[in-house]
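Structure record follows, encoded as structure tokens.
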Amino acid sequence: MEQNCSYLDVMAAGLNSSDRYEIRCPVHGFIRLNDWEMAIISQSPFQRLRRIRQLAWTDYVYPGGMHTRFEHSLGVMHTATLLYDSIVSNSRGVLESEFAYDETGFKRYRQLVRMAALLHDVGHGPFSHAGEDLLPFNQGKNQPYRHEDYSAAIVRTHFRSAIEDHPACINTPLTADDVAALIEGTAGAKQGIFWRDIISGQMDADRMDYLLRDSHHIGVGYGKFDLHRLVSTVQAIPAASGRPPRLGISEGGWHAAEALVLARYFMFTQVYFHKTRVAYDIHLRGALRAILPGGKFPKPEGEELNEFLKWDDWRVLGRLSEGAGGEHGERLRTRNHFRRIHATNEVCTEEELAGLDRMRAELGTMLVAEESASKSWYKTGMTDIPIFSDARDRPIAPLSRYSSVIANMKSNNQVLLYVRPENVTAAKEAVGRALGTQ
Amino acid sequence: MSTDVNRLAVITWLAESASGLGRTALMKYCYFLQVVCGVPLGYRFSLYSYGPFDSDVLSDLDSAGSLGGVKSSVVYFSGGYGYRIEPGDRPDRVKRMGGTFIDAHQKELQWVVDEFKGWDASGLELASTLVYSDREAVRRGEQLGIGELSSRVRDLKPRFGIPQIQAYAEKLLSRDVLRSIR
């Protein structure tokens, strides 16, 4: 980290004079920070992100995939700021009318967005999403905890002082609860909830950063799109019929938006849902289940939250190197993964689903894992971004009306079946019987 | 049978049973089914300016469309657009994929459609935000007055006035939907 941003740089970038730190980023160039953000980054729960890899064991397929949540978090803060500044520049009137912002308000929400973006991933467990199925069940919400729940809890506890006791808080009043509410999506976010779409939405800074960053590190071109064109065209589209404004893009940016959607699709099929990468997610989950007390991570409450924060990649790797993790730990140590024996089409038909039932029956105990694209953390889902035409007589329309490619895209619900390497021959015969080819 | 197939069956049932179903209504119906009625759909809703949302609902809608359970089209109106969701070519087969799930939750499904039919997207967004804020208060052990709950929602949705929010809260209270009101 360097403190070498000159006064001229600061002025040229329109930055606050306290934005005097800069960190070199392989994707965005220099990322600038102020004293307040530097104080947050210096906290040990943020430094812990240096010890959590962004893409788990992806390096077993793409050796360059060793980057961490630390650099991604900085990148998300940077990208969220680009989005925020562009939205304010393009839609100042809409925001003033809807939220009655003045200059102080714009400044405060900018800082809030930066902090929420910076801290949105501090609740990740070891190896990021791969272990997320081992988060415990939230009885109050009747659903499993999400890493965002951990991030919010950590912000409210471990970052409260760094946020609320910093001198900058006098001029830009923000609380840890403000930041946590925006991350987790709760009523405490108040008017700030509008900005949640650029922290976690279909055109969010998280997605924009990870597509570019993952592509860069693993050496593929699939995740690339024109970030700056997309950012320059994003805006708040005026509310209709008593509904809030929503984020969309002006007509000139629709090809960039199309490229973002396609980048997600290609990265999903070629990287995130790569058959071997998925196998190592299975093994990591299995190994963690054997290593963690009770097979689950601690809850994001009280002392259990402190216990959770002790878990990072280093600790898990240490346990694995000592021989822990059972069969899955051994497969991670020796790179001897389960083998994919069958994959449905990306858009699975009813007939294929019926065929899967026959396959499960034929494979019996040889079938050791089954993974569905629809349950993946990186699933592509359904995206339809509003496009705002410059022509007054043209209505707002979804991206799918502009792009025939997007109009014809379907959610990927591919299913992959896995067996142990020693069973591949017998399993192929079983699959053949189920398909009626043997 | 996996939860996903149950969800596709529910979406298909809603497309058949709720006339004029759009994406906002579908999202909020699923929210009410899970949170108010306790139907185990397994979604992970969180709050946005347009109310509780989980992108998985839209992914499931797309999957239900691929299987012929529903069909979805864009409709335009003054100042914007929306979606019309209707039964597809094979709704019965998709519902059957959910096994007995639809039968087991027929009462809750029918309740949601009966109680919220005719509510526009804006009203559903407001009502679901009220329920979301209400359940947050319950989890914190808070008991609120209807004015206090309305004030919290006003902070989230400044376009609405307190009297308008209170009117919606009263409607929900009369349907025994809110839990934090003393």
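Each chain in the structure tokens gets a letter, A, B, ..., in the order shown, and its residues are numbered from 1; ligands are numbered from 1 in order too.
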Where does chain A meet chain B within 8 Å, residue by residue, with the nearest atom pair and distance in Å to one decimal for each, counting only C-alpha atoms, listed by chain and rising number, as CSV?
```
residue,atom,partner,partner_atom,distance
A:Glu98,CA,B:Arg159,CA,7.0
A:Phe99,CA,B:Pro158,CA,7.0
A:Gly140,CA,B:Arg139,CA,6.1
A:Gln143,CA,B:Gly42,CA,6.6
A:Glu184,CA,B:Ser46,CA,7.0
A:Gly185,CA,B:Leu47,CA,4.5
A:Thr186,CA,B:Leu47,CA,5.6
A:Ala187,CA,B:Ser133,CA,5.9
A:Ala189,CA,B:Leu156,CA,7.4
A:Lys190,CA,B:Leu156,CA,4.3
A:Gln191,CA,B:Leu156,CA,4.9
A:Gly192,CA,B:Leu156,CA,7.7
A:Ile193,CA,B:Ser49,CA,5.5
A:Phe194,CA,B:Ser49,CA,5.1
A:Arg196,CA,B:Tyr48,CA,6.5
A:Asp197,CA,B:Tyr48,CA,7.4
A:Ala240,CA,B:Gly79,CA,6.5
A:Ser241,CA,B:Ser122,CA,6.9
A:Gly242,CA,B:Ser122,CA,5.8
A:Arg243,CA,B:Ser122,CA,5.5
A:Pro244,CA,B:Tyr50,CA,6.5
A:Val347,CA,B:Ser66,CA,7.5
A:Thr349,CA,B:Leu67,CA,6.3
A:Glu350,CA,B:Leu67,CA,6.2
A:Ser374,CA,B:Ser59,CA,7.9
A:Gly381,CA,B:Ser59,CA,4.8
A:Met382,CA,B:Ser59,CA,5.4
A:Pro395,CA,B:Gly79,CA,6.0
A:Ile396,CA,B:Gly80,CA,5.2
A:Ala397,CA,B:Tyr81,CA,6.4
A:Pro398,CA,B:Tyr81,CA,7.8
A:Lys410,CA,B:Asp62,CA,6.5
A:Ser411,CA,B:Ser59,CA,6.0
A:Asn413,CA,B:Ser63,CA,7.4
```
Practice prompt. Find the spatial neighbours of A:Glu370, counting only C-alpha atoms, within a cut-off of 9 Å - ignore same-chain residues fewer than 3 positions away - and output them as a ChimeraX atom specification.
Written response: /A:367,415-418
Store the residues picked out above, limited to N, CA, C and O atoms, as a PDB file, in the first residue's frame.
```pdb
ATOM      1  N   LEU A 367     -23.173 -43.870  -7.230  1.00  0.00           N
ATOM      2  CA  LEU A 367     -23.414 -42.433  -7.344  1.00  0.00           C
ATOM      3  C   LEU A 367     -23.062 -41.771  -6.006  1.00  0.00           C
ATOM      4  O   LEU A 367     -23.747 -41.975  -5.009  1.00  0.00           O
ATOM      5  N   VAL A 415     -27.525 -30.772 -14.579  1.00  0.00           N
ATOM      6  CA  VAL A 415     -27.224 -31.642 -13.439  1.00  0.00           C
ATOM      7  C   VAL A 415     -25.997 -32.493 -13.791  1.00  0.00           C
ATOM      8  O   VAL A 415     -25.913 -33.034 -14.908  1.00  0.00           O
ATOM      9  N   LEU A 416     -25.045 -32.583 -12.865  1.00  0.00           N
ATOM     10  CA  LEU A 416     -23.850 -33.411 -13.051  1.00  0.00           C
ATOM     11  C   LEU A 416     -23.868 -34.551 -12.032  1.00  0.00           C
ATOM     12  O   LEU A 416     -24.172 -34.326 -10.860  1.00  0.00           O
ATOM     13  N   LEU A 417     -23.538 -35.755 -12.491  1.00  0.00           N
ATOM     14  CA  LEU A 417     -23.463 -36.918 -11.594  1.00  0.00           C
ATOM     15  C   LEU A 417     -22.003 -37.362 -11.473  1.00  0.00           C
ATOM     16  O   LEU A 417     -21.273 -37.380 -12.468  1.00  0.00           O
ATOM     17  N   TYR A 418     -21.614 -37.734 -10.267  1.00  0.00           N
ATOM     18  CA  TYR A 418     -20.214 -38.104  -9.996  1.00  0.00           C
ATOM     19  C   TYR A 418     -20.108 -39.498  -9.370  1.00  0.00           C
ATOM     20  O   TYR A 418     -20.975 -39.896  -8.576  1.00  0.00           O
TER      21      TYR A 418
END
```
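One finds atom CA of A:Gly253 at 8.4 Å from atom CA of A:Ile387.
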Practice prompt. Could you tell me how far atom CA of A:Gly323 lies from atom CA of A:Gly64, in Å and to one decimal?
Written response: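 For atom CA of A:Gly323 relative to atom CA of A:Gly64, the distance reads 25.6 Å.
By chain and then residue number, the residues within 10 Å of A:Met359 are His342, Leu353, Leu367, Leu417, Ala427, Ala430, Val431, Gly432, Arg433, Ala434 and Leu435 of chain A, counting only C-alpha atoms and disregarding those fewer than 6 positions away in sequence.
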Discussion item. Calculated over only C-alpha atoms, which of the candidates B:Arg90, B:Lys95, B:Lys117, B:Lys107 has the smallest distance to B:Gly22?
Written reply: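 Closest to B:Gly22, using only C-alpha atoms: B:Lys117.
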Item to complete: Compile the contact shell of A:Arg156 as a PyMOL selection string: residues with an atom at most 12 Å away, counting only C-alpha atoms, same-chain residues fewer than 3 positions apart removed.
Response: chain A and resi 116+119+122-123+149-153+159-164+175-184+300-302+305
Pull N, CA, C and O atoms from the residues just selected and write them as a CSV table (one decimal), in the first residue's frame.
```csv
chain,number,residue,atom,x,y,z
A,116,ALA,N,-20.1,-0.4,2.5
A,116,ALA,CA,-20.8,-1.6,2.3
A,116,ALA,C,-20.2,-2.5,1.3
A,116,ALA,O,-20.1,-3.7,1.5
A,119,LEU,N,-17.0,-4.0,2.7
A,119,LEU,CA,-17.1,-5.0,3.8
A,119,LEU,C,-18.1,-6.1,3.5
A,119,LEU,O,-18.4,-7.0,4.3
A,122,VAL,N,-16.8,-9.8,4.3
A,122,VAL,CA,-16.0,-10.1,5.4
A,122,VAL,C,-16.6,-11.4,6.2
A,122,VAL,O,-15.9,-12.0,7.0
A,123,GLY,N,-17.8,-11.7,5.8
A,123,GLY,CA,-18.4,-12.9,6.4
A,123,GLY,C,-18.2,-14.2,5.7
A,123,GLY,O,-18.8,-15.2,6.1
A,149,ASP,N,-25.2,-12.6,6.2
A,149,ASP,CA,-25.6,-12.5,7.6
A,149,ASP,C,-24.4,-12.4,8.5
A,149,ASP,O,-24.3,-11.7,9.5
A,150,TYR,N,-23.3,-13.2,8.1
A,150,TYR,CA,-22.1,-13.1,8.9
A,150,TYR,C,-21.4,-11.8,8.7
A,150,TYR,O,-20.9,-11.2,9.6
A,151,SER,N,-21.4,-11.3,7.4
A,151,SER,CA,-20.8,-10.0,7.2
A,151,SER,C,-21.4,-8.9,8.0
A,151,SER,O,-20.7,-8.1,8.6
A,152,ALA,N,-22.7,-8.9,8.0
A,152,ALA,CA,-23.5,-7.9,8.8
A,152,ALA,C,-23.2,-8.0,10.3
A,152,ALA,O,-22.9,-7.0,11.0
A,153,ALA,N,-23.1,-9.2,10.8
A,153,ALA,CA,-22.8,-9.4,12.2
A,153,ALA,C,-21.4,-9.0,12.6
A,153,ALA,O,-21.2,-8.4,13.6
A,159,PHE,N,-16.3,-4.1,13.5
A,159,PHE,CA,-16.0,-2.9,12.8
A,159,PHE,C,-16.7,-1.7,13.4
A,159,PHE,O,-16.5,-0.6,12.9
A,160,ARG,N,-17.5,-1.8,14.4
A,160,ARG,CA,-18.3,-0.7,15.0
A,160,ARG,C,-17.4,0.5,15.4
A,160,ARG,O,-17.6,1.6,15.0
A,161,SER,N,-16.3,0.2,16.1
A,161,SER,CA,-15.5,1.2,16.5
A,161,SER,C,-14.7,1.9,15.4
A,161,SER,O,-14.7,3.2,15.3
A,162,ALA,N,-14.3,1.1,14.4
A,162,ALA,CA,-13.5,1.7,13.3
A,162,ALA,C,-14.4,2.6,12.5
A,162,ALA,O,-14.0,3.6,11.9
A,163,ILE,N,-15.7,2.3,12.4
A,163,ILE,CA,-16.7,3.1,11.7
A,163,ILE,C,-17.1,4.3,12.5
A,163,ILE,O,-17.1,5.4,12.0
A,164,GLU,N,-17.5,4.1,13.7
A,164,GLU,CA,-18.2,5.1,14.4
A,164,GLU,C,-17.3,6.0,15.2
A,164,GLU,O,-17.7,7.2,15.6
A,175,THR,N,-23.2,4.8,10.8
A,175,THR,CA,-23.1,3.8,11.9
A,175,THR,C,-22.8,2.4,11.3
A,175,THR,O,-23.1,2.2,10.1
A,176,ALA,N,-22.3,1.6,12.2
A,176,ALA,CA,-22.1,0.2,11.7
A,176,ALA,C,-23.4,-0.4,11.3
A,176,ALA,O,-23.5,-1.2,10.4
A,177,ASP,N,-24.5,0.0,12.0
A,177,ASP,CA,-25.8,-0.6,11.6
A,177,ASP,C,-26.2,-0.2,10.2
A,177,ASP,O,-26.9,-0.9,9.5
A,178,ASP,N,-25.9,1.1,9.9
A,178,ASP,CA,-26.2,1.5,8.5
A,178,ASP,C,-25.6,0.6,7.5
A,178,ASP,O,-26.2,0.2,6.5
A,179,VAL,N,-24.3,0.4,7.7
A,179,VAL,CA,-23.5,-0.4,6.7
A,179,VAL,C,-24.0,-1.9,6.7
A,179,VAL,O,-24.2,-2.5,5.7
A,180,ALA,N,-24.2,-2.4,7.9
A,180,ALA,CA,-24.7,-3.8,8.0
A,180,ALA,C,-26.1,-4.0,7.4
A,180,ALA,O,-26.3,-5.0,6.7
A,181,ALA,N,-27.0,-3.0,7.6
A,181,ALA,CA,-28.3,-3.2,7.0
A,181,ALA,C,-28.3,-3.1,5.5
A,181,ALA,O,-29.1,-3.8,4.8
A,182,LEU,N,-27.4,-2.4,4.9
A,182,LEU,CA,-27.3,-2.3,3.5
A,182,LEU,C,-26.7,-3.6,2.9
A,182,LEU,O,-27.1,-4.1,1.9
A,183,ILE,N,-25.8,-4.2,3.7
A,183,ILE,CA,-25.2,-5.5,3.2
A,183,ILE,C,-26.2,-6.6,3.3
A,183,ILE,O,-26.4,-7.4,2.3
A,184,GLU,N,-26.9,-6.7,4.4
A,184,GLU,CA,-27.8,-7.9,4.6
A,184,GLU,C,-29.2,-7.6,4.0
A,184,GLU,O,-30.0,-8.6,3.8
A,300,PRO,N,-23.4,-16.9,13.6
A,300,PRO,CA,-22.9,-15.5,13.6
A,300,PRO,C,-23.5,-14.7,14.9
A,300,PRO,O,-24.0,-13.6,14.7
A,301,GLU,N,-23.3,-15.3,16.0
A,301,GLU,CA,-23.8,-14.7,17.3
A,301,GLU,C,-22.8,-14.8,18.4
A,301,GLU,O,-22.2,-15.9,18.5
A,302,GLY,N,-22.6,-13.8,19.2
A,302,GLY,CA,-21.8,-13.8,20.4
A,302,GLY,C,-20.4,-14.4,20.2
A,302,GLY,O,-19.7,-14.1,19.2
A,305,LEU,N,-19.4,-16.2,16.9
A,305,LEU,CA,-18.9,-15.4,15.8
A,305,LEU,C,-17.4,-15.2,15.8
A,305,LEU,O,-16.7,-15.3,14.8
```
Item to complete: Write down as a list in words the residues of stretch 289-346 of chain A whose backbone DSSP state falls under alpha helix (DSSP H).
Response: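 DSSP-assigned alpha helix (DSSP H) residues in stretch 289-346 of chain A: Arg289, Ala290, Ile291, Gly302, Glu303, Glu304, Leu305, Asn306, Glu307, Phe308, Leu309, Asp313, Trp314, Arg315, Val316, Leu317, Gly318, Arg319, Leu320, Ser321, Gly326, Glu327, His328, Gly329, Glu330, Arg331, Leu332, Arg333 and Thr334 of chain A.
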